[in-house]
$ cat my_file-v4.pdb   # PDB, C-alpha atoms
ATOM      1  CA  MET G   1     -96.631 160.545 -50.319  1.00  0.00           C
ATOM      2  CA  ARG G   2     -96.211 158.196 -47.419  1.00  0.00           C
ATOM      3  CA  LYS G   3     -92.962 156.384 -46.817  1.00  0.00           C
ATOM      4  CA  LYS G   4     -92.872 152.633 -46.566  1.00  0.00           C
ATOM      5  CA  PRO G   5     -92.187 151.351 -43.071  1.00  0.00           C
ATOM      6  CA  PRO G   6     -88.587 150.284 -42.497  1.00  0.00           C
ATOM      7  CA  VAL G   7     -87.708 146.642 -42.878  1.00  0.00           C
ATOM      8  CA  LEU G   8     -86.885 145.491 -39.375  1.00  0.00           C
ATOM      9  CA  ALA G   9     -84.965 142.468 -38.171  1.00  0.00           C
ATOM     10  CA  SER G  10     -88.151 141.098 -36.676  1.00  0.00           C
ATOM     11  CA  VAL G  11     -91.167 141.834 -38.795  1.00  0.00           C
ATOM     12  CA  PRO G  12     -94.409 142.364 -36.872  1.00  0.00           C
ATOM     13  CA  ARG G  13     -96.969 139.751 -37.731  1.00  0.00           C
ATOM     14  CA  ASP G  14    -100.572 140.394 -38.609  1.00  0.00           C
ATOM     15  CA  ALA G  15    -103.185 138.743 -40.802  1.00  0.00           C
ATOM     16  CA  THR G  16    -102.033 140.528 -43.973  1.00  0.00           C
ATOM     17  CA  GLN G  17     -98.383 139.474 -43.829  1.00  0.00           C
ATOM     18  CA  GLU G  18     -96.906 136.315 -45.284  1.00  0.00           C
ATOM     19  CA  VAL G  19     -94.211 135.641 -42.699  1.00  0.00           C
ATOM     20  CA  PRO G  20     -93.663 131.886 -42.419  1.00  0.00           C
ATOM     21  CA  GLY G  21     -94.618 130.193 -39.194  1.00  0.00           C
ATOM     22  CA  ALA G  22     -92.368 128.070 -37.031  1.00  0.00           C
ATOM     23  CA  VAL G  23     -93.679 124.860 -38.596  1.00  0.00           C
ATOM     24  CA  THR G  24     -92.832 126.062 -42.105  1.00  0.00           C
ATOM     25  CA  VAL G  25     -89.373 127.267 -41.077  1.00  0.00           C
ATOM     26  CA  ARG G  26     -88.675 123.966 -39.313  1.00  0.00           C
ATOM     27  CA  ALA G  27     -89.818 121.987 -42.362  1.00  0.00           C
ATOM     28  CA  VAL G  28     -87.571 124.004 -44.686  1.00  0.00           C
ATOM     29  CA  ALA G  29     -84.631 123.662 -42.280  1.00  0.00           C
ATOM     30  CA  ALA G  30     -85.192 119.907 -41.935  1.00  0.00           C
ATOM     31  CA  ALA G  31     -85.277 119.573 -45.725  1.00  0.00           C
ATOM     32  CA  ALA G  32     -82.072 121.618 -45.914  1.00  0.00           C
ATOM     33  CA  ALA G  33     -80.464 119.305 -43.355  1.00  0.00           C
ATOM     34  CA  PHE G  34     -81.419 116.291 -45.466  1.00  0.00           C
ATOM     35  CA  VAL G  35     -80.019 117.928 -48.628  1.00  0.00           C
ATOM     36  CA  THR G  36     -76.830 118.850 -46.760  1.00  0.00           C
ATOM     37  CA  VAL G  37     -76.251 115.253 -45.636  1.00  0.00           C
ATOM     38  CA  ALA G  38     -76.955 114.017 -49.170  1.00  0.00           C
ATOM     39  CA  ALA G  39     -74.510 116.579 -50.583  1.00  0.00           C
ATOM     40  CA  GLY G  40     -71.846 115.418 -48.142  1.00  0.00           C
ATOM     41  CA  LEU G  41     -72.339 111.773 -49.047  1.00  0.00           C
ATOM     42  CA  CYS G  42     -72.331 112.553 -52.775  1.00  0.00           C
ATOM     43  CA  THR G  43     -69.182 114.638 -52.422  1.00  0.00           C
ATOM     44  CA  ARG G  44     -67.393 111.742 -50.734  1.00  0.00           C
ATOM     45  CA  ALA G  45     -68.641 109.327 -53.425  1.00  0.00           C
ATOM     46  CA  VAL G  46     -67.620 111.532 -56.360  1.00  0.00           C
ATOM     47  CA  ALA G  47     -64.507 113.300 -55.134  1.00  0.00           C
ATOM     48  CA  GLY G  48     -61.668 112.153 -52.981  1.00  0.00           C
ATOM     49  CA  GLY G  49     -58.811 113.570 -50.991  1.00  0.00           C
ATOM     50  CA  ASP G  50     -58.664 117.101 -49.699  1.00  0.00           C
ATOM     51  CA  PRO G  51     -61.494 118.561 -51.838  1.00  0.00           C
ATOM     52  CA  ALA G  52     -63.983 116.041 -50.445  1.00  0.00           C
ATOM     53  CA  LYS G  53     -62.643 116.389 -46.908  1.00  0.00           C
ATOM     54  CA  TYR G  54     -62.846 120.174 -46.841  1.00  0.00           C
ATOM     55  CA  ALA G  55     -66.232 120.243 -48.553  1.00  0.00           C
ATOM     56  CA  GLY G  56     -67.351 117.839 -45.831  1.00  0.00           C
ATOM     57  CA  ASP G  57     -66.035 120.204 -43.160  1.00  0.00           C
ATOM     58  CA  ALA G  58     -67.988 123.119 -44.614  1.00  0.00           C
ATOM     59  CA  LEU G  59     -71.123 120.986 -44.973  1.00  0.00           C
ATOM     60  CA  TYR G  60     -70.744 119.817 -41.346  1.00  0.00           C
ATOM     61  CA  THR G  61     -71.161 123.418 -40.205  1.00  0.00           C
ATOM     62  CA  VAL G  62     -74.028 123.978 -42.643  1.00  0.00           C
ATOM     63  CA  LEU G  63     -75.740 120.931 -41.135  1.00  0.00           C
ATOM     64  CA  ILE G  64     -75.316 122.280 -37.608  1.00  0.00           C
ATOM     65  CA  HIS G  65     -76.768 125.621 -38.796  1.00  0.00           C
ATOM     66  CA  THR G  66     -79.842 123.882 -40.202  1.00  0.00           C
ATOM     67  CA  LEU G  67     -80.301 121.918 -36.973  1.00  0.00           C
ATOM     68  CA  VAL G  68     -80.105 125.150 -34.960  1.00  0.00           C
ATOM     69  CA  VAL G  69     -82.903 126.549 -37.131  1.00  0.00           C
ATOM     70  CA  VAL G  70     -84.969 123.386 -36.631  1.00  0.00           C
ATOM     71  CA  LEU G  71     -84.634 123.843 -32.858  1.00  0.00           C
ATOM     72  CA  ALA G  72     -85.087 127.635 -32.865  1.00  0.00           C
ATOM     73  CA  PRO G  73     -86.984 128.645 -36.034  1.00  0.00           C
ATOM     74  CA  ARG G  74     -86.942 132.375 -35.270  1.00  0.00           C
ATOM     75  CA  VAL G  75     -83.184 132.527 -34.745  1.00  0.00           C
ATOM     76  CA  ARG G  76     -81.397 135.262 -36.675  1.00  0.00           C
ATOM     77  CA  PRO G  77     -79.069 134.094 -39.462  1.00  0.00           C
ATOM     78  CA  GLY G  78     -75.958 135.532 -37.805  1.00  0.00           C
ATOM     79  CA  THR G  79     -76.765 133.909 -34.481  1.00  0.00           C
ATOM     80  CA  ALA G  80     -77.372 130.511 -36.089  1.00  0.00           C
ATOM     81  CA  ALA G  81     -74.159 130.760 -38.133  1.00  0.00           C
ATOM     82  CA  GLY G  82     -72.133 131.862 -35.101  1.00  0.00           C
ATOM     83  CA  LEU G  83     -73.477 129.020 -32.995  1.00  0.00           C
ATOM     84  CA  ALA G  84     -72.828 126.481 -35.767  1.00  0.00           C
ATOM     85  CA  LEU G  85     -69.270 127.768 -36.135  1.00  0.00           C
ATOM     86  CA  ALA G  86     -68.689 127.669 -32.371  1.00  0.00           C
ATOM     87  CA  VAL G  87     -69.920 124.064 -32.145  1.00  0.00           C
ATOM     88  CA  SER G  88     -67.776 123.034 -35.135  1.00  0.00           C
ATOM     89  CA  TRP G  89     -64.684 124.661 -33.666  1.00  0.00           C
ATOM     90  CA  ALA G  90     -65.381 123.148 -30.231  1.00  0.00           C
ATOM     91  CA  VAL G  91     -65.616 119.658 -31.733  1.00  0.00           C
ATOM     92  CA  GLU G  92     -62.392 120.192 -33.700  1.00  0.00           C
ATOM     93  CA  LEU G  93     -60.532 121.547 -30.685  1.00  0.00           C
ATOM     94  CA  ALA G  94     -61.827 118.664 -28.549  1.00  0.00           C
ATOM     95  CA  GLN G  95     -59.924 116.382 -30.910  1.00  0.00           C
ATOM     96  CA  LEU G  96     -56.737 117.712 -29.303  1.00  0.00           C
ATOM     97  CA  THR G  97     -57.734 115.876 -26.109  1.00  0.00           C
ATOM     98  CA  GLY G  98     -57.912 112.429 -27.686  1.00  0.00           C
ATOM     99  CA  VAL G  99     -61.421 111.817 -26.305  1.00  0.00           C
ATOM    100  CA  PRO G 100     -63.142 111.923 -29.725  1.00  0.00           C
ATOM    101  CA  GLU G 101     -60.502 109.546 -31.114  1.00  0.00           C
ATOM    102  CA  GLU G 102     -61.223 107.039 -28.345  1.00  0.00           C
ATOM    103  CA  LEU G 103     -64.987 107.373 -28.868  1.00  0.00           C
ATOM    104  CA  ALA G 104     -64.516 107.018 -32.647  1.00  0.00           C
ATOM    105  CA  ARG G 105     -62.835 103.642 -32.091  1.00  0.00           C
ATOM    106  CA  ARG G 106     -65.954 102.427 -30.305  1.00  0.00           C
ATOM    107  CA  SER G 107     -68.679 103.963 -32.458  1.00  0.00           C
ATOM    108  CA  THR G 108     -69.137 104.815 -36.121  1.00  0.00           C
ATOM    109  CA  VAL G 109     -71.653 107.499 -35.162  1.00  0.00           C
ATOM    110  CA  ALA G 110     -69.125 109.107 -32.803  1.00  0.00           C
ATOM    111  CA  ARG G 111     -66.517 109.001 -35.567  1.00  0.00           C
ATOM    112  CA  LEU G 112     -68.887 110.714 -38.005  1.00  0.00           C
ATOM    113  CA  VAL G 113     -70.055 113.361 -35.527  1.00  0.00           C
ATOM    114  CA  LEU G 114     -66.854 114.043 -33.584  1.00  0.00           C
ATOM    115  CA  GLY G 115     -64.068 113.061 -35.970  1.00  0.00           C
ATOM    116  CA  SER G 116     -60.865 111.694 -34.538  1.00  0.00           C
ATOM    117  CA  THR G 117     -57.807 113.833 -35.233  1.00  0.00           C
ATOM    118  CA  PHE G 118     -57.232 117.577 -35.116  1.00  0.00           C
ATOM    119  CA  ASN G 119     -56.499 119.312 -38.430  1.00  0.00           C
ATOM    120  CA  ALA G 120     -56.005 123.101 -38.276  1.00  0.00           C
ATOM    121  CA  PRO G 121     -57.263 123.821 -41.844  1.00  0.00           C
ATOM    122  CA  ASP G 122     -60.624 122.360 -40.814  1.00  0.00           C
ATOM    123  CA  LEU G 123     -61.177 125.486 -38.702  1.00  0.00           C
ATOM    124  CA  LEU G 124     -61.073 127.632 -41.851  1.00  0.00           C
ATOM    125  CA  TRP G 125     -63.455 125.374 -43.754  1.00  0.00           C
ATOM    126  CA  TYR G 126     -65.940 125.455 -40.888  1.00  0.00           C
ATOM    127  CA  GLY G 127     -65.895 129.233 -41.329  1.00  0.00           C
ATOM    128  CA  VAL G 128     -66.627 128.814 -45.033  1.00  0.00           C
ATOM    129  CA  GLY G 129     -69.605 126.618 -44.170  1.00  0.00           C
ATOM    130  CA  ALA G 130     -70.892 129.099 -41.585  1.00  0.00           C
ATOM    131  CA  ALA G 131     -70.618 131.947 -44.095  1.00  0.00           C
ATOM    132  CA  ALA G 132     -72.471 129.963 -46.755  1.00  0.00           C
ATOM    133  CA  ALA G 133     -75.229 128.958 -44.323  1.00  0.00           C
ATOM    134  CA  TRP G 134     -75.553 132.557 -43.123  1.00  0.00           C
ATOM    135  CA  ALA G 135     -75.820 133.838 -46.713  1.00  0.00           C
ATOM    136  CA  VAL G 136     -78.594 131.398 -47.644  1.00  0.00           C
ATOM    137  CA  HIS G 137     -80.479 131.912 -44.374  1.00  0.00           C
ATOM    138  CA  ALA G 138     -80.202 135.707 -44.591  1.00  0.00           C
ATOM    139  CA  GLY G 139     -81.292 135.665 -48.232  1.00  0.00           C
ATOM    140  CA  LEU G 140     -84.359 133.597 -47.411  1.00  0.00           C
ATOM    141  CA  ALA G 141     -85.194 135.863 -44.456  1.00  0.00           C
ATOM    142  CA  ARG G 142     -84.885 138.978 -46.661  1.00  0.00           C
ATOM    143  CA  GLY G 143     -87.153 137.380 -49.245  1.00  0.00           C
ATOM    144  CA  PHE G 144     -89.830 136.749 -46.639  1.00  0.00           C
ATOM    145  CA  ARG G 145     -89.528 140.298 -45.277  1.00  0.00           C
ATOM    146  CA  ARG G 146     -89.930 141.717 -48.786  1.00  0.00           C
ATOM    147  CA  ARG G 147     -93.074 139.674 -49.239  1.00  0.00           C
ATOM    148  CA  ALA G 148     -94.304 140.937 -45.864  1.00  0.00           C
ATOM    149  CA  TRP G 149     -93.912 144.573 -47.024  1.00  0.00           C
ATOM    150  CA  PRO G 150     -94.931 144.499 -50.714  1.00  0.00           C
ATOM    151  CA  ASP G 151     -94.278 147.547 -52.913  1.00  0.00           C
ATOM    152  CA  SER G 152     -97.984 148.220 -53.189  1.00  0.00           C
ATOM    153  CA  CYS G 153     -98.290 148.506 -49.409  1.00  0.00           C
ATOM    154  CA  GLU G 154     -98.008 152.143 -48.467  1.00  0.00           C
ATOM    155  CA  GLY G 155     -98.996 151.337 -44.853  1.00  0.00           C
TER     156      GLY G 155
END
$ encode --input "my_file-v4.pdb" --output "structure tokens"
Amino acid sequence: MRKKPPVLASVPRDATQEVPGAVTVRAVAAAAAFVTVAAGLCTRAVAGGDPAKYAGDALYTVLIHTLVVVLAPRVRPGTAAGLALAVSWAVELAQLTGVPEELARRSTVARLVLGSTFNAPDLLWYGVGAAAAWAVHAGLARGFRRRAWPDSCEG
């Protein structure tokens, strides 16, 4: 009895496999970005205070993760999550300089993207968002790899 080929991080593509193309991955990531923004807005509308703020922090990192995937559809889940976390932390730490606060006074977009004041617990919640984005991305990637190597394929 032949063994199934190992599931690799990058699955070789041929005509018999159902690995999604870059266009499909980008479309799914763009839809996820839209849902993430909607979730953030709904959270602010429904909840208030710290729960809404920290959910927003986590969703901020999820949004960055989805945008990384839109730009680089073949990025590995861990790489995308790490990059999203690094960007989130960099923006938060930049708030210590006062530059984002000054920009936020001049622009609503800058306020939404860069924030204005440093808050140490935000760093933790960015990590929660990165972990959640990684888990979803990795789960979707595993699902596609399983479909690429079906049980009936003894290849």
$ axis_aligned_box --input "my_file-v4.pdb" --around "region 118-123 of chain G" --padding-each-side "4 Å" --output "JSON"
{"center_x": -58.6, "center_y": 121.5, "center_z": -38.5, "size_x": 13.2, "size_y": 15.9, "size_z": 14.7}
$ closest_residue --input "my_file-v4.pdb" --among "G:Leu114, G:Val70, G:Leu123, G:Ala45" --to "Thr24 (chain G)" --atoms "only C-alpha atoms"
G:Val70
$ closest_residue --input "my_file-v4.pdb" --among "G:Gly49, G:Gly82, G:Pro100, G:Pro77" --to "Gly127 (chain G)" --atoms "all atoms listed in the file"
G:Gly82
$ closest_residue --input "my_file-v4.pdb" --among "G:Val99, G:Asp122, G:Ala30, G:Gly40" --to "His65 (chain G)" --atoms "only C-alpha atoms"
G:Ala30
$ closest_residue --input "my_file-v4.pdb" --among "G:Leu63, G:Ala90, G:Val25, G:Ala133" --to "Phe118 (chain G)" --atoms "only C-alpha atoms"
G:Ala90
$ resolve_selection --input "my_file-v4.pdb" --expression "the PyMOL selection byres ((chain G and resi 137) around 9)" --output "PyMOL selection string"
chain G and resi 76-78+80-81+132-136+138-142
$ build_atoms --input "my_file-v4.pdb" --residues "region 121-132 of chain G" --atoms "all heavy atoms" --output "PDB file, in the frame of the given file"
ATOM      1  N   PRO G 121     -56.505 123.247 -40.723  1.00  0.00           N
ATOM      2  CA  PRO G 121     -57.263 123.821 -41.844  1.00  0.00           C
ATOM      3  C   PRO G 121     -58.775 123.600 -41.744  1.00  0.00           C
ATOM      4  O   PRO G 121     -59.560 124.355 -42.325  1.00  0.00           O
ATOM      5  CB  PRO G 121     -56.697 123.110 -43.075  1.00  0.00           C
ATOM      6  CG  PRO G 121     -55.312 122.719 -42.675  1.00  0.00           C
ATOM      7  CD  PRO G 121     -55.426 122.384 -41.212  1.00  0.00           C
ATOM      8  N   ASP G 122     -59.187 122.583 -40.991  1.00  0.00           N
ATOM      9  CA  ASP G 122     -60.624 122.360 -40.814  1.00  0.00           C
ATOM     10  C   ASP G 122     -61.299 123.594 -40.224  1.00  0.00           C
ATOM     11  O   ASP G 122     -62.444 123.907 -40.564  1.00  0.00           O
ATOM     12  CB  ASP G 122     -60.887 121.163 -39.896  1.00  0.00           C
ATOM     13  CG  ASP G 122     -60.495 119.838 -40.520  1.00  0.00           C
ATOM     14  OD1 ASP G 122     -60.127 119.820 -41.722  1.00  0.00           O
ATOM     15  OD2 ASP G 122     -60.549 118.820 -39.806  1.00  0.00           O
ATOM     16  N   LEU G 123     -60.605 124.298 -39.346  1.00  0.00           N
ATOM     17  CA  LEU G 123     -61.177 125.486 -38.702  1.00  0.00           C
ATOM     18  C   LEU G 123     -61.581 126.531 -39.746  1.00  0.00           C
ATOM     19  O   LEU G 123     -62.633 127.153 -39.632  1.00  0.00           O
ATOM     20  CB  LEU G 123     -60.191 126.076 -37.697  1.00  0.00           C
ATOM     21  CG  LEU G 123     -59.788 125.153 -36.540  1.00  0.00           C
ATOM     22  CD1 LEU G 123     -58.640 125.754 -35.746  1.00  0.00           C
ATOM     23  CD2 LEU G 123     -60.975 124.842 -35.658  1.00  0.00           C
ATOM     24  N   LEU G 124     -60.752 126.702 -40.766  1.00  0.00           N
ATOM     25  CA  LEU G 124     -61.073 127.632 -41.851  1.00  0.00           C
ATOM     26  C   LEU G 124     -62.302 127.165 -42.621  1.00  0.00           C
ATOM     27  O   LEU G 124     -63.202 127.959 -42.906  1.00  0.00           O
ATOM     28  CB  LEU G 124     -59.885 127.762 -42.803  1.00  0.00           C
ATOM     29  CG  LEU G 124     -60.185 128.484 -44.131  1.00  0.00           C
ATOM     30  CD1 LEU G 124     -60.407 129.961 -43.882  1.00  0.00           C
ATOM     31  CD2 LEU G 124     -59.088 128.251 -45.132  1.00  0.00           C
ATOM     32  N   TRP G 125     -62.352 125.885 -42.947  1.00  0.00           N
ATOM     33  CA  TRP G 125     -63.455 125.374 -43.754  1.00  0.00           C
ATOM     34  C   TRP G 125     -64.777 125.393 -43.001  1.00  0.00           C
ATOM     35  O   TRP G 125     -65.839 125.540 -43.598  1.00  0.00           O
ATOM     36  CB  TRP G 125     -63.118 124.003 -44.320  1.00  0.00           C
ATOM     37  CG  TRP G 125     -62.051 124.154 -45.354  1.00  0.00           C
ATOM     38  CD1 TRP G 125     -60.718 123.905 -45.215  1.00  0.00           C
ATOM     39  CD2 TRP G 125     -62.221 124.698 -46.666  1.00  0.00           C
ATOM     40  NE1 TRP G 125     -60.052 124.242 -46.370  1.00  0.00           N
ATOM     41  CE2 TRP G 125     -60.950 124.730 -47.277  1.00  0.00           C
ATOM     42  CE3 TRP G 125     -63.319 125.150 -47.384  1.00  0.00           C
ATOM     43  CZ2 TRP G 125     -60.762 125.205 -48.570  1.00  0.00           C
ATOM     44  CZ3 TRP G 125     -63.131 125.612 -48.680  1.00  0.00           C
ATOM     45  CH2 TRP G 125     -61.862 125.633 -49.255  1.00  0.00           C
ATOM     46  N   TYR G 126     -64.717 125.273 -41.675  1.00  0.00           N
ATOM     47  CA  TYR G 126     -65.940 125.455 -40.888  1.00  0.00           C
ATOM     48  C   TYR G 126     -66.445 126.890 -41.053  1.00  0.00           C
ATOM     49  O   TYR G 126     -67.644 127.134 -41.136  1.00  0.00           O
ATOM     50  CB  TYR G 126     -65.696 125.144 -39.410  1.00  0.00           C
ATOM     51  CG  TYR G 126     -65.336 123.714 -39.118  1.00  0.00           C
ATOM     52  CD1 TYR G 126     -64.351 123.411 -38.182  1.00  0.00           C
ATOM     53  CD2 TYR G 126     -65.975 122.659 -39.750  1.00  0.00           C
ATOM     54  CE1 TYR G 126     -64.014 122.097 -37.888  1.00  0.00           C
ATOM     55  CE2 TYR G 126     -65.633 121.335 -39.466  1.00  0.00           C
ATOM     56  CZ  TYR G 126     -64.654 121.073 -38.535  1.00  0.00           C
ATOM     57  OH  TYR G 126     -64.321 119.778 -38.247  1.00  0.00           O
ATOM     58  N   GLY G 127     -65.517 127.830 -41.104  1.00  0.00           N
ATOM     59  CA  GLY G 127     -65.895 129.233 -41.329  1.00  0.00           C
ATOM     60  C   GLY G 127     -66.539 129.434 -42.688  1.00  0.00           C
ATOM     61  O   GLY G 127     -67.510 130.192 -42.825  1.00  0.00           O
ATOM     62  N   VAL G 128     -66.029 128.743 -43.693  1.00  0.00           N
ATOM     63  CA  VAL G 128     -66.627 128.814 -45.033  1.00  0.00           C
ATOM     64  C   VAL G 128     -68.061 128.287 -44.983  1.00  0.00           C
ATOM     65  O   VAL G 128     -68.982 128.886 -45.549  1.00  0.00           O
ATOM     66  CB  VAL G 128     -65.776 128.029 -46.056  1.00  0.00           C
ATOM     67  CG1 VAL G 128     -66.494 127.880 -47.385  1.00  0.00           C
ATOM     68  CG2 VAL G 128     -64.420 128.702 -46.247  1.00  0.00           C
ATOM     69  N   GLY G 129     -68.261 127.179 -44.298  1.00  0.00           N
ATOM     70  CA  GLY G 129     -69.605 126.618 -44.170  1.00  0.00           C
ATOM     71  C   GLY G 129     -70.547 127.547 -43.428  1.00  0.00           C
ATOM     72  O   GLY G 129     -71.711 127.719 -43.818  1.00  0.00           O
ATOM     73  N   ALA G 130     -70.063 128.164 -42.352  1.00  0.00           N
ATOM     74  CA  ALA G 130     -70.892 129.099 -41.585  1.00  0.00           C
ATOM     75  C   ALA G 130     -71.276 130.304 -42.439  1.00  0.00           C
ATOM     76  O   ALA G 130     -72.425 130.766 -42.404  1.00  0.00           O
ATOM     77  CB  ALA G 130     -70.156 129.553 -40.319  1.00  0.00           C
ATOM     78  N   ALA G 131     -70.332 130.807 -43.224  1.00  0.00           N
ATOM     79  CA  ALA G 131     -70.618 131.947 -44.095  1.00  0.00           C
ATOM     80  C   ALA G 131     -71.647 131.580 -45.162  1.00  0.00           C
ATOM     81  O   ALA G 131     -72.564 132.366 -45.452  1.00  0.00           O
ATOM     82  CB  ALA G 131     -69.328 132.452 -44.750  1.00  0.00           C
ATOM     83  N   ALA G 132     -71.516 130.402 -45.737  1.00  0.00           N
ATOM     84  CA  ALA G 132     -72.471 129.963 -46.755  1.00  0.00           C
ATOM     85  C   ALA G 132     -73.862 129.782 -46.153  1.00  0.00           C
ATOM     86  O   ALA G 132     -74.866 130.217 -46.734  1.00  0.00           O
ATOM     87  CB  ALA G 132     -71.999 128.652 -47.393  1.00  0.00           C
TER      88      ALA G 132
END
